[in-house]
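Structure file coords_15.csv (CSV, C-alpha atoms) is printed below.
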```csv
chain,number,residue,atom,x,y,z
A,1407,MET,CA,-20.3,-79.3,25.7
A,1408,LYS,CA,-17.4,-77.1,26.7
A,1409,HIS,CA,-14.5,-77.2,24.3
A,1410,SER,CA,-12.0,-78.3,27.0
A,1411,PHE,CA,-14.3,-80.9,28.3
A,1412,GLY,CA,-14.8,-82.2,24.7
A,1413,LEU,CA,-11.0,-82.6,24.3
A,1414,LEU,CA,-10.7,-84.4,27.6
A,1415,SER,CA,-13.5,-86.7,26.6
A,1416,GLN,CA,-11.9,-87.4,23.2
A,1417,PHE,CA,-8.7,-88.3,25.1
A,1418,ALA,CA,-10.6,-90.5,27.6
A,1419,ILE,CA,-12.4,-92.4,24.9
A,1420,GLY,CA,-9.2,-92.9,23.0
A,1421,LEU,CA,-7.6,-94.2,26.2
A,1422,ILE,CA,-10.6,-96.6,26.8
A,1423,PHE,CA,-10.5,-97.8,23.2
A,1424,GLY,CA,-6.8,-98.4,23.4
A,1425,LEU,CA,-7.3,-100.4,26.6
A,1426,GLY,CA,-10.0,-102.5,24.9
A,1427,LEU,CA,-7.5,-103.3,22.1
A,1428,ILE,CA,-4.8,-104.2,24.6
A,1429,ILE,CA,-7.1,-106.5,26.7
A,1430,SER,CA,-8.5,-108.1,23.6
A,1431,GLY,CA,-4.9,-109.0,22.4
A,1432,MET,CA,-5.4,-107.3,19.1
A,1433,THR,CA,-2.4,-105.0,19.5
A,1434,ASN,CA,-0.2,-108.1,18.8
A,1435,PRO,CA,0.2,-108.4,15.1
A,1436,GLN,CA,1.1,-112.1,15.4
A,1437,LYS,CA,-2.4,-112.7,16.8
A,1438,ILE,CA,-4.0,-111.0,13.9
A,1439,ILE,CA,-1.9,-113.0,11.4
A,1440,HIS,CA,-2.9,-116.2,13.3
A,1441,PHE,CA,-6.5,-115.2,12.8
A,1442,LEU,CA,-6.1,-114.5,9.1
A,1443,ASP,CA,-4.2,-117.8,8.6
A,1444,LEU,CA,-7.2,-120.1,8.0
A,1445,ALA,CA,-5.0,-122.8,6.5
A,1446,GLY,CA,-2.6,-122.9,9.5
A,1447,ASN,CA,-3.1,-123.1,13.2
A,1448,TRP,CA,-6.1,-120.8,13.4
A,1449,ASP,CA,-6.8,-118.4,16.3
A,1450,PRO,CA,-10.4,-117.4,16.2
A,1451,SER,CA,-10.1,-114.8,19.0
A,1452,LEU,CA,-10.8,-111.8,16.7
A,1453,ILE,CA,-14.3,-113.1,16.1
A,1454,PHE,CA,-15.0,-112.7,19.8
A,1455,VAL,CA,-13.6,-109.2,19.8
A,1456,MET,CA,-15.9,-108.2,17.0
A,1457,LEU,CA,-18.8,-110.0,18.7
A,1458,GLY,CA,-18.4,-108.2,21.9
A,1459,GLY,CA,-18.0,-104.8,20.2
A,1460,ILE,CA,-20.9,-105.4,17.9
A,1461,LEU,CA,-23.3,-106.5,20.7
A,1462,VAL,CA,-22.6,-103.4,22.7
A,1463,GLY,CA,-22.7,-101.3,19.5
A,1464,LEU,CA,-26.1,-102.7,18.4
A,1465,ALA,CA,-27.7,-101.6,21.7
A,1466,SER,CA,-26.0,-98.2,21.9
A,1467,PHE,CA,-26.5,-97.3,18.2
A,1468,TYR,CA,-30.1,-98.3,18.4
A,1469,LEU,CA,-30.6,-96.0,21.4
A,1470,ALA,CA,-28.7,-93.2,19.6
A,1471,SER,CA,-30.8,-93.6,16.4
A,1472,LYS,CA,-33.9,-92.7,18.5
A,1473,ARG,CA,-32.3,-89.3,19.3
A,1474,THR,CA,-31.2,-86.4,17.2
A,1475,GLU,CA,-28.9,-84.9,19.9
A,1476,THR,CA,-26.0,-86.1,22.0
A,1477,TRP,CA,-26.2,-86.1,25.8
A,1478,PHE,CA,-24.9,-82.6,25.8
A,1479,GLY,CA,-27.1,-81.3,23.0
A,1480,GLY,CA,-24.7,-81.6,20.1
A,1481,LEU,CA,-25.8,-83.0,16.7
A,1482,ILE,CA,-25.6,-86.7,16.1
A,1483,GLN,CA,-24.0,-87.2,12.7
A,1484,TRP,CA,-24.3,-90.6,11.0
A,1485,PRO,CA,-22.1,-91.4,8.0
A,1486,LYS,CA,-23.9,-89.9,5.0
A,1487,SER,CA,-23.0,-92.4,2.3
A,1488,SER,CA,-24.8,-95.8,2.0
A,1489,GLN,CA,-23.5,-96.4,-1.5
A,1490,ILE,CA,-21.7,-99.6,-2.3
A,1491,ASP,CA,-19.4,-98.8,-5.1
A,1492,ARG,CA,-16.0,-99.9,-6.5
A,1493,HIS,CA,-14.2,-97.3,-4.4
A,1494,LEU,CA,-15.4,-98.9,-1.2
A,1495,ILE,CA,-14.4,-102.3,-2.4
A,1496,ILE,CA,-11.0,-101.4,-4.0
A,1497,GLY,CA,-10.1,-99.4,-0.9
A,1498,SER,CA,-11.1,-102.2,1.5
A,1499,LEU,CA,-9.2,-104.8,-0.6
A,1500,LEU,CA,-6.0,-102.7,-0.5
A,1501,PHE,CA,-6.5,-102.2,3.3
A,1502,GLY,CA,-7.0,-105.9,3.7
A,1503,VAL,CA,-3.7,-106.8,1.9
A,1504,GLY,CA,-1.8,-104.4,4.1
A,1505,TRP,CA,-3.5,-105.8,7.2
A,1506,GLY,CA,-2.5,-109.3,6.1
A,1507,ILE,CA,1.1,-108.3,5.4
A,1508,ALA,CA,1.8,-106.7,8.8
A,1509,GLY,CA,-1.0,-107.7,11.1
A,1510,PHE,CA,-1.6,-104.1,11.9
A,1511,CYS,CA,-4.7,-101.9,11.4
A,1512,PRO,CA,-4.8,-98.2,12.4
A,1513,GLY,CA,-5.9,-98.5,16.0
A,1514,PRO,CA,-3.6,-101.2,17.2
A,1515,ALA,CA,-0.7,-99.7,15.3
A,1516,ILE,CA,-1.0,-96.4,17.2
A,1517,VAL,CA,-1.3,-98.2,20.5
A,1518,ALA,CA,1.8,-100.3,19.7
A,1519,LEU,CA,3.6,-97.1,18.8
A,1520,GLY,CA,2.6,-95.8,22.2
A,1521,SER,CA,4.2,-98.8,23.8
A,1522,GLY,CA,7.5,-97.8,22.1
A,1523,HIS,CA,7.9,-100.3,19.3
A,1524,GLU,CA,10.0,-98.9,16.5
A,1525,LYS,CA,8.4,-101.2,13.9
A,1526,ALA,CA,5.0,-99.7,14.9
A,1527,PHE,CA,6.5,-96.3,14.4
A,1528,VAL,CA,7.5,-97.1,10.8
A,1529,PHE,CA,4.2,-98.6,10.1
A,1530,THR,CA,2.2,-95.7,11.5
A,1531,LEU,CA,4.4,-93.2,9.7
A,1532,MET,CA,3.8,-95.0,6.4
A,1533,MET,CA,0.1,-95.2,7.1
A,1534,LEU,CA,0.0,-91.4,7.5
A,1535,VAL,CA,1.9,-91.1,4.2
A,1536,GLY,CA,-0.7,-93.5,2.6
A,1537,MET,CA,-3.5,-91.2,3.9
A,1538,LEU,CA,-1.7,-88.2,2.5
A,1539,ILE,CA,-1.4,-89.8,-0.9
A,1540,TYR,CA,-5.1,-90.4,-0.7
A,1541,GLN,CA,-5.6,-86.7,0.1
A,1542,TRP,CA,-3.6,-85.7,-2.9
A,1543,PHE,CA,-4.7,-88.2,-5.5
A,1544,GLY,CA,-7.8,-89.9,-4.2
A,1545,ASN,CA,-10.3,-87.7,-6.0
A,1546,ASP,CA,-8.4,-87.9,-9.3
A,1547,LEU,CA,-8.3,-91.7,-9.0
A,1548,LYS,CA,-12.0,-91.8,-8.2
A,1549,ASN,CA,-12.9,-89.8,-11.3
A,1550,ARG,CA,-10.7,-92.0,-13.5
A,1551,LEU,CA,-12.2,-95.2,-12.1
A,1552,HIS,CA,-15.8,-94.0,-12.9
B,1089,MET,CA,-8.5,-125.7,9.3
B,1090,GLN,CA,-7.3,-126.5,12.7
B,1091,ILE,CA,-8.0,-124.4,15.8
B,1092,ASP,CA,-4.9,-123.4,17.8
B,1093,TRP,CA,-6.4,-123.9,21.3
B,1094,THR,CA,-3.2,-122.6,23.1
B,1095,ALA,CA,-3.4,-119.3,21.3
B,1096,PHE,CA,-7.2,-118.9,21.4
B,1097,THR,CA,-8.3,-116.4,24.1
B,1098,PRO,CA,-12.0,-116.0,23.9
B,1099,ILE,CA,-12.6,-114.4,27.3
B,1100,PRO,CA,-10.1,-111.5,27.1
B,1101,ALA,CA,-11.2,-111.1,23.4
B,1102,LEU,CA,-14.8,-110.8,24.3
B,1103,LEU,CA,-14.1,-108.5,27.2
B,1104,GLY,CA,-11.8,-106.3,25.1
B,1105,GLY,CA,-14.5,-106.2,22.4
B,1106,VAL,CA,-17.1,-105.1,24.9
B,1107,ILE,CA,-14.8,-102.3,26.0
B,1108,LEU,CA,-14.4,-101.3,22.3
B,1109,GLY,CA,-18.2,-101.2,22.0
B,1110,LEU,CA,-18.5,-99.1,25.2
B,1111,ALA,CA,-16.0,-96.6,23.8
B,1112,ALA,CA,-18.0,-96.4,20.5
B,1113,ALA,CA,-21.2,-96.0,22.6
B,1114,LEU,CA,-19.7,-93.1,24.5
B,1115,TYR,CA,-18.4,-91.6,21.3
B,1116,ILE,CA,-21.8,-91.4,19.6
B,1117,HIS,CA,-23.6,-90.2,22.7
B,1118,LEU,CA,-21.0,-87.6,23.7
B,1119,HIS,CA,-19.5,-86.5,20.4
B,1120,GLY,CA,-22.3,-87.5,17.9
B,1121,ARG,CA,-19.9,-89.4,15.7
B,1122,LEU,CA,-19.2,-93.0,14.8
B,1123,LEU,CA,-15.9,-94.1,16.2
B,1124,GLY,CA,-13.6,-95.0,13.3
B,1125,VAL,CA,-9.8,-94.7,13.9
B,1126,SER,CA,-8.8,-94.3,10.2
B,1127,GLY,CA,-11.4,-91.5,9.8
B,1128,ILE,CA,-10.2,-89.7,13.0
B,1129,VAL,CA,-6.5,-90.0,12.1
B,1130,GLY,CA,-7.1,-89.3,8.3
B,1131,GLY,CA,-8.4,-85.8,9.1
B,1132,LEU,CA,-5.0,-85.0,10.7
B,1133,THR,CA,-3.3,-85.2,7.3
B,1134,LYS,CA,-5.2,-82.1,6.2
B,1135,PRO,CA,-5.5,-80.1,9.4
B,1136,GLN,CA,-8.3,-77.5,9.2
B,1137,ALA,CA,-9.0,-74.8,11.7
B,1138,GLY,CA,-11.2,-76.1,14.5
B,1139,ASP,CA,-11.0,-79.7,13.2
B,1140,TRP,CA,-7.8,-81.1,14.4
B,1141,ALA,CA,-7.5,-80.6,18.2
B,1142,TRP,CA,-10.2,-83.2,19.0
B,1143,ARG,CA,-8.7,-85.7,16.6
B,1144,LEU,CA,-5.3,-85.2,18.2
B,1145,SER,CA,-6.8,-85.6,21.7
B,1146,PHE,CA,-8.2,-89.0,20.7
B,1147,VAL,CA,-4.9,-90.1,19.2
B,1148,VAL,CA,-3.0,-89.0,22.3
B,1149,GLY,CA,-5.5,-91.1,24.3
B,1150,LEU,CA,-4.7,-94.1,22.1
B,1151,LEU,CA,-1.0,-93.5,22.4
B,1152,SER,CA,-1.3,-93.2,26.2
B,1153,SER,CA,-3.2,-96.5,26.7
B,1154,PRO,CA,-0.1,-98.6,26.9
B,1155,LEU,CA,0.9,-96.6,30.0
B,1156,LEU,CA,-2.2,-97.6,31.8
B,1157,GLY,CA,-2.4,-101.1,30.2
B,1158,GLY,CA,1.2,-101.6,31.1
B,1159,LEU,CA,0.3,-101.6,34.8
B,1160,PHE,CA,-1.6,-104.9,34.2
B,1161,PHE,CA,0.1,-106.5,31.2
B,1162,ASP,CA,3.7,-106.9,30.0
B,1163,LEU,CA,2.8,-105.2,26.7
B,1164,HIS,CA,6.2,-105.0,25.1
B,1165,SER,CA,6.8,-108.7,25.2
B,1166,VAL,CA,3.4,-109.6,23.9
B,1167,LEU,CA,3.9,-107.6,20.8
B,1168,ILE,CA,5.4,-109.8,18.1
B,1169,ILE,CA,5.9,-108.2,14.7
B,1170,ASP,CA,7.2,-110.7,12.2
B,1171,ALA,CA,7.0,-108.5,9.2
B,1172,GLY,CA,10.4,-107.1,8.0
B,1173,TRP,CA,11.0,-103.4,7.5
B,1174,GLY,CA,10.2,-103.4,3.7
B,1175,ALA,CA,7.0,-105.3,4.3
B,1176,LEU,CA,6.0,-102.9,7.1
B,1177,ILE,CA,6.6,-99.9,4.8
B,1178,LEU,CA,4.4,-101.4,2.1
B,1179,ALA,CA,1.7,-102.6,4.5
B,1180,GLY,CA,1.6,-99.1,6.2
B,1181,LEU,CA,1.1,-97.4,2.8
B,1182,LEU,CA,-1.6,-99.9,1.8
B,1183,VAL,CA,-3.5,-99.6,5.1
B,1184,GLY,CA,-3.4,-95.8,5.1
B,1185,PHE,CA,-4.4,-95.4,1.5
B,1186,GLY,CA,-6.9,-98.3,1.5
B,1187,ALA,CA,-8.7,-97.3,4.7
B,1188,SER,CA,-9.1,-93.7,3.4
B,1189,TYR,CA,-10.2,-94.8,0.0
B,1190,GLY,CA,-12.6,-97.4,1.4
B,1191,SER,CA,-13.9,-94.9,4.0
B,1192,GLY,CA,-13.0,-97.0,7.0
B,1193,CYS,CA,-11.1,-99.7,8.8
B,1194,THR,CA,-11.7,-102.5,11.3
B,1195,SER,CA,-13.2,-100.1,13.8
B,1196,GLY,CA,-15.4,-98.0,11.6
B,1197,HIS,CA,-16.6,-100.7,9.3
B,1198,GLY,CA,-15.9,-103.9,11.2
B,1199,ILE,CA,-17.3,-102.9,14.5
B,1200,CYS,CA,-19.4,-99.8,14.3
B,1201,GLY,CA,-20.7,-100.2,10.8
B,1202,LEU,CA,-21.7,-103.8,11.4
B,1203,ALA,CA,-23.3,-102.8,14.7
B,1204,ARG,CA,-25.5,-100.3,12.9
B,1205,LEU,CA,-26.4,-103.0,10.3
B,1206,SER,CA,-24.9,-101.0,7.4
B,1207,ALA,CA,-24.8,-103.1,4.2
B,1208,ARG,CA,-21.9,-100.8,3.0
B,1209,SER,CA,-19.8,-101.8,6.0
B,1210,LEU,CA,-20.7,-105.4,5.6
B,1211,VAL,CA,-19.3,-105.3,2.1
B,1212,ALA,CA,-16.2,-103.5,3.2
B,1213,THR,CA,-15.6,-106.0,6.0
B,1214,ILE,CA,-16.0,-109.0,3.7
B,1215,ALA,CA,-13.6,-107.3,1.3
B,1216,PHE,CA,-10.8,-106.5,3.8
B,1217,MET,CA,-11.2,-109.8,5.6
B,1218,GLY,CA,-11.2,-111.7,2.4
B,1219,ALA,CA,-8.1,-109.8,1.2
B,1220,GLY,CA,-6.4,-110.4,4.6
B,1221,PHE,CA,-7.1,-114.2,4.4
B,1222,PHE,CA,-5.9,-114.4,0.9
B,1223,THR,CA,-2.7,-112.4,1.6
B,1224,VAL,CA,-1.8,-114.4,4.6
B,1225,PHE,CA,-2.4,-117.7,2.7
B,1226,LEU,CA,-0.1,-116.5,-0.1
B,1227,LEU,CA,2.6,-115.3,2.3
B,1228,ARG,CA,2.6,-118.3,4.6
B,1229,HIS,CA,1.6,-121.2,2.4
B,1230,VAL,CA,2.6,-120.4,-1.2
B,1231,PHE,CA,5.7,-118.2,-1.2
```

Write out the structure in this file as structure tokens.
Amino acid sequence: MKHSFGLLSQFAIGLIFGLGLIISGMTNPQKIIHFLDLAGNWDPSLIFVMLGGILVGLASFYLASKRTETWFGGLIQWPKSSQIDRHLIIGSLLFGVGWGIAGFCPGPAIVALGSGHEKAFVFTLMMLVGMLIYQWFGNDLKNRLH
Amino acid sequence: MQIDWTAFTPIPALLGGVILGLAAALYIHLHGRLLGVSGIVGGLTKPQAGDWAWRLSFVVGLLSSPLLGGLFFDLHSVLIIDAGWGALILAGLLVGFGASYGSGCTSGHGICGLARLSARSLVATIAFMGAGFFTVFLLRHVF
């Protein structure tokens, strides 16, 4: 695939993904909080979002698993790790706490930032700082926790 | 538990989810990678030669989606962020650090990982959903 076409395709898929998030309603943190609030007035919509995504994903990843190359001859790279360790669990728990506090996860936060919300800007900025902190200290922490 | 039927939107949710799945399908067949937003964005915090332009292109696509979506939806008014500034700062740090440390977020583990029947992603999804349920319970019903 030509480099410029690759960049355009990345842009287009980001755009489609963002539209999917907007249509699904998941860019609204209040809707996420209402999903996570099992003891309150519960909004199960997120389950349907995951269901739709997973059903299409099941078929397309199955087809991709039968191939070694992309449609344009690039290499298909699956995630290498299949290990279930404490890092996976601790990281996911921390992520879940943050998700529950704000109702934002990375994709919707970036889309909300694009729609001009200053709160989404602050959240996304701090998310990048959190990722930077992981870059700096993540390996150290992993070694200590082993 | 009591379902809030006025807030429940199964059809747009399912349709939106199918679109997310289609984006992930295009991603693996065109770019040979699993679509995970935290992974794509995380790589931008340590830009390496030849490994940032594609990430940035994807992020610009995400950022531009409200422009297109705004033609059909009144997006600004349907975005309700109850969390205060301090809570947002803490939540942002936790989401960024946690998703990097746990190698994925709702897109990478919750949709793509589950769709490829990864046990690792199932464990991650149970962990972050469980933590989310617990956090919201504490914030809305205990404190």

So the first atom is CA of Gly1480 (chain A) and the second is CA of Gly1198 (chain B); what is the distance between them in Å, to one decimal place?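 Between these atoms lies a distance of 25.6 Å.
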
Leu1118 (chain B) environment, 10 Å, only C-alpha atoms, sequence neighbours closer than 5 positions dropped, as a PyMOL selection string: (chain A and resi 1407+1412+1415-1416+1419+1475-1482) or (chain B and resi 1112-1113)

Long-range neighbours of Asp1443 (chain A) as a list in words, 12 Å cut-off, all atoms listed in the file, 4 positions minimum in chain: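 Residues near the query, excluding close chain neighbours: Gln1436, Lys1437, Ile1438, Ile1439, Asn1447, Trp1448, Asp1449, Pro1450, Gly1506, Ile1507 and Gly1509 of chain A; Met1089, Gln1090, Ile1091, Asp1092, Met1217, Gly1218, Ala1219, Gly1220, Phe1221, Phe1222, Thr1223, Val1224, Phe1225, Leu1226, Leu1227, Arg1228 and His1229 of chain B.
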
Can you write just those residues out, C-alpha atoms, as a PDB file, in the frame of the given file?
```
ATOM      1  CA  GLN A1436       1.100-112.100  15.400  1.00  0.00           C
ATOM      2  CA  LYS A1437      -2.400-112.700  16.800  1.00  0.00           C
ATOM      3  CA  ILE A1438      -4.000-111.000  13.900  1.00  0.00           C
ATOM      4  CA  ILE A1439      -1.900-113.000  11.400  1.00  0.00           C
ATOM      5  CA  ASN A1447      -3.100-123.100  13.200  1.00  0.00           C
ATOM      6  CA  TRP A1448      -6.100-120.800  13.400  1.00  0.00           C
ATOM      7  CA  ASP A1449      -6.800-118.400  16.300  1.00  0.00           C
ATOM      8  CA  PRO A1450     -10.400-117.400  16.200  1.00  0.00           C
ATOM      9  CA  GLY A1506      -2.500-109.300   6.100  1.00  0.00           C
ATOM     10  CA  ILE A1507       1.100-108.300   5.400  1.00  0.00           C
ATOM     11  CA  GLY A1509      -1.000-107.700  11.100  1.00  0.00           C
TER      12      GLY A1509
ATOM     13  CA  MET B1089      -8.500-125.700   9.300  1.00  0.00           C
ATOM     14  CA  GLN B1090      -7.300-126.500  12.700  1.00  0.00           C
ATOM     15  CA  ILE B1091      -8.000-124.400  15.800  1.00  0.00           C
ATOM     16  CA  ASP B1092      -4.900-123.400  17.800  1.00  0.00           C
ATOM     17  CA  MET B1217     -11.200-109.800   5.600  1.00  0.00           C
ATOM     18  CA  GLY B1218     -11.200-111.700   2.400  1.00  0.00           C
ATOM     19  CA  ALA B1219      -8.100-109.800   1.200  1.00  0.00           C
ATOM     20  CA  GLY B1220      -6.400-110.400   4.600  1.00  0.00           C
ATOM     21  CA  PHE B1221      -7.100-114.200   4.400  1.00  0.00           C
ATOM     22  CA  PHE B1222      -5.900-114.400   0.900  1.00  0.00           C
ATOM     23  CA  THR B1223      -2.700-112.400   1.600  1.00  0.00           C
ATOM     24  CA  VAL B1224      -1.800-114.400   4.600  1.00  0.00           C
ATOM     25  CA  PHE B1225      -2.400-117.700   2.700  1.00  0.00           C
ATOM     26  CA  LEU B1226      -0.100-116.500  -0.100  1.00  0.00           C
ATOM     27  CA  LEU B1227       2.600-115.300   2.300  1.00  0.00           C
ATOM     28  CA  ARG B1228       2.600-118.300   4.600  1.00  0.00           C
ATOM     29  CA  HIS B1229       1.600-121.200   2.400  1.00  0.00           C
TER      30      HIS B1229
END
```

Which residue out of A:Ala1518, A:Leu1452, A:Ala1526, A:Leu1421 has the minimum interatomic distance to Phe1096 (chain B) when all atoms listed in the file are used?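 Checking each of A:Ala1518, A:Leu1452, A:Ala1526, A:Leu1421 against Phe1096 (chain B), counting all atoms listed in the file, the winner is A:Leu1452.
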
Find, counting only C-alpha atoms, the residue in A:Met1456, A:Leu1413, A:Leu1519, A:Ala1445 that gets nearest to Val1230 (chain B).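 Nearest candidate to Val1230 (chain B) out of A:Met1456, A:Leu1413, A:Leu1519, A:Ala1445: A:Ala1445.
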
Interatomic distance (Å, one decimal) between CA of Leu1464 (chain A) and CA of His1117 (chain B):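 Separation between CA of Leu1464 (chain A) and CA of His1117 (chain B): 13.5 Å.
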
Selection as JSON, numbers by chain: residues within 12 Å of (-9.4, -94.8, -3.4), counting all atoms listed in the file: {"A": [1491, 1492, 1493, 1494, 1495, 1496, 1497, 1498, 1499, 1500, 1501, 1536, 1537, 1538, 1539, 1540, 1541, 1542, 1543, 1544, 1545, 1546, 1547, 1548, 1549, 1550, 1551, 1552], "B": [1182, 1183, 1184, 1185, 1186, 1187, 1188, 1189, 1190, 1191, 1192]}

At what distance in Å, to one decimal, does CA of Gly1196 (chain B) lie from CA of Val1455 (chain A)?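 Taking CA of Val1455 (chain A) as the start and CA of Gly1196 (chain B) as the end point, the length is 14.0 Å.
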
Neighbouring residues of Thr1194 (chain B) were defined as those with any atom within 10 Å, considering all atoms listed in the file; residues of the same chain fewer than 4 positions away were excluded. Please report them as a PyMOL selection string. (chain A and resi 1456+1498+1501-1502+1505+1511-1513) or (chain B and resi 1124-1126+1187+1198-1201+1209+1212-1213+1216-1217)

Distance criterion (all atoms listed in the file): nearest to chain B out of A:Gly1522, A:Phe1510, A:Leu1414, A:Met1533: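 So, comparing all the options, the nearest one is A:Met1533.
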
Contacts of Arg1143 (chain B) within 10 Å, all atoms listed in the file, excl. fewer than 3 positions in-chain, as a list of chain:residue names: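 Near Arg1143 (chain B), the qualifying residues are A:Leu1413, A:Gln1416, A:Phe1417, A:Gly1420, B:Val1125, B:Gly1127, B:Ile1128, B:Val1129, B:Gly1130, B:Gly1131, B:Leu1132, B:Pro1135, B:Asp1139, B:Trp1140, B:Phe1146, B:Val1147, B:Val1148, B:Gly1149.
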
Shortest interatomic distance to chain B - which of A:Ala1515, A:Gly1459, A:Ala1465, A:Phe1411, counting all atoms listed in the file: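 Counting all atoms listed in the file, the residue closest to chain B is A:Gly1459.
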
B:Ala1179, B:Asp1170, B:Gly1138, B:Trp1093: which is nearest chain A, counting only C-alpha atoms?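 Closest to chain A of all the choices is B:Ala1179.
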
Considering all atoms listed in the file, can you say which of B:Gly1104, B:Leu1150, B:Ser1206, B:Ala1111 comes closest to Gln1489 (chain A)?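 Between B:Gly1104, B:Leu1150, B:Ser1206, B:Ala1111, the residue approaching Gln1489 (chain A) most closely is B:Ser1206.
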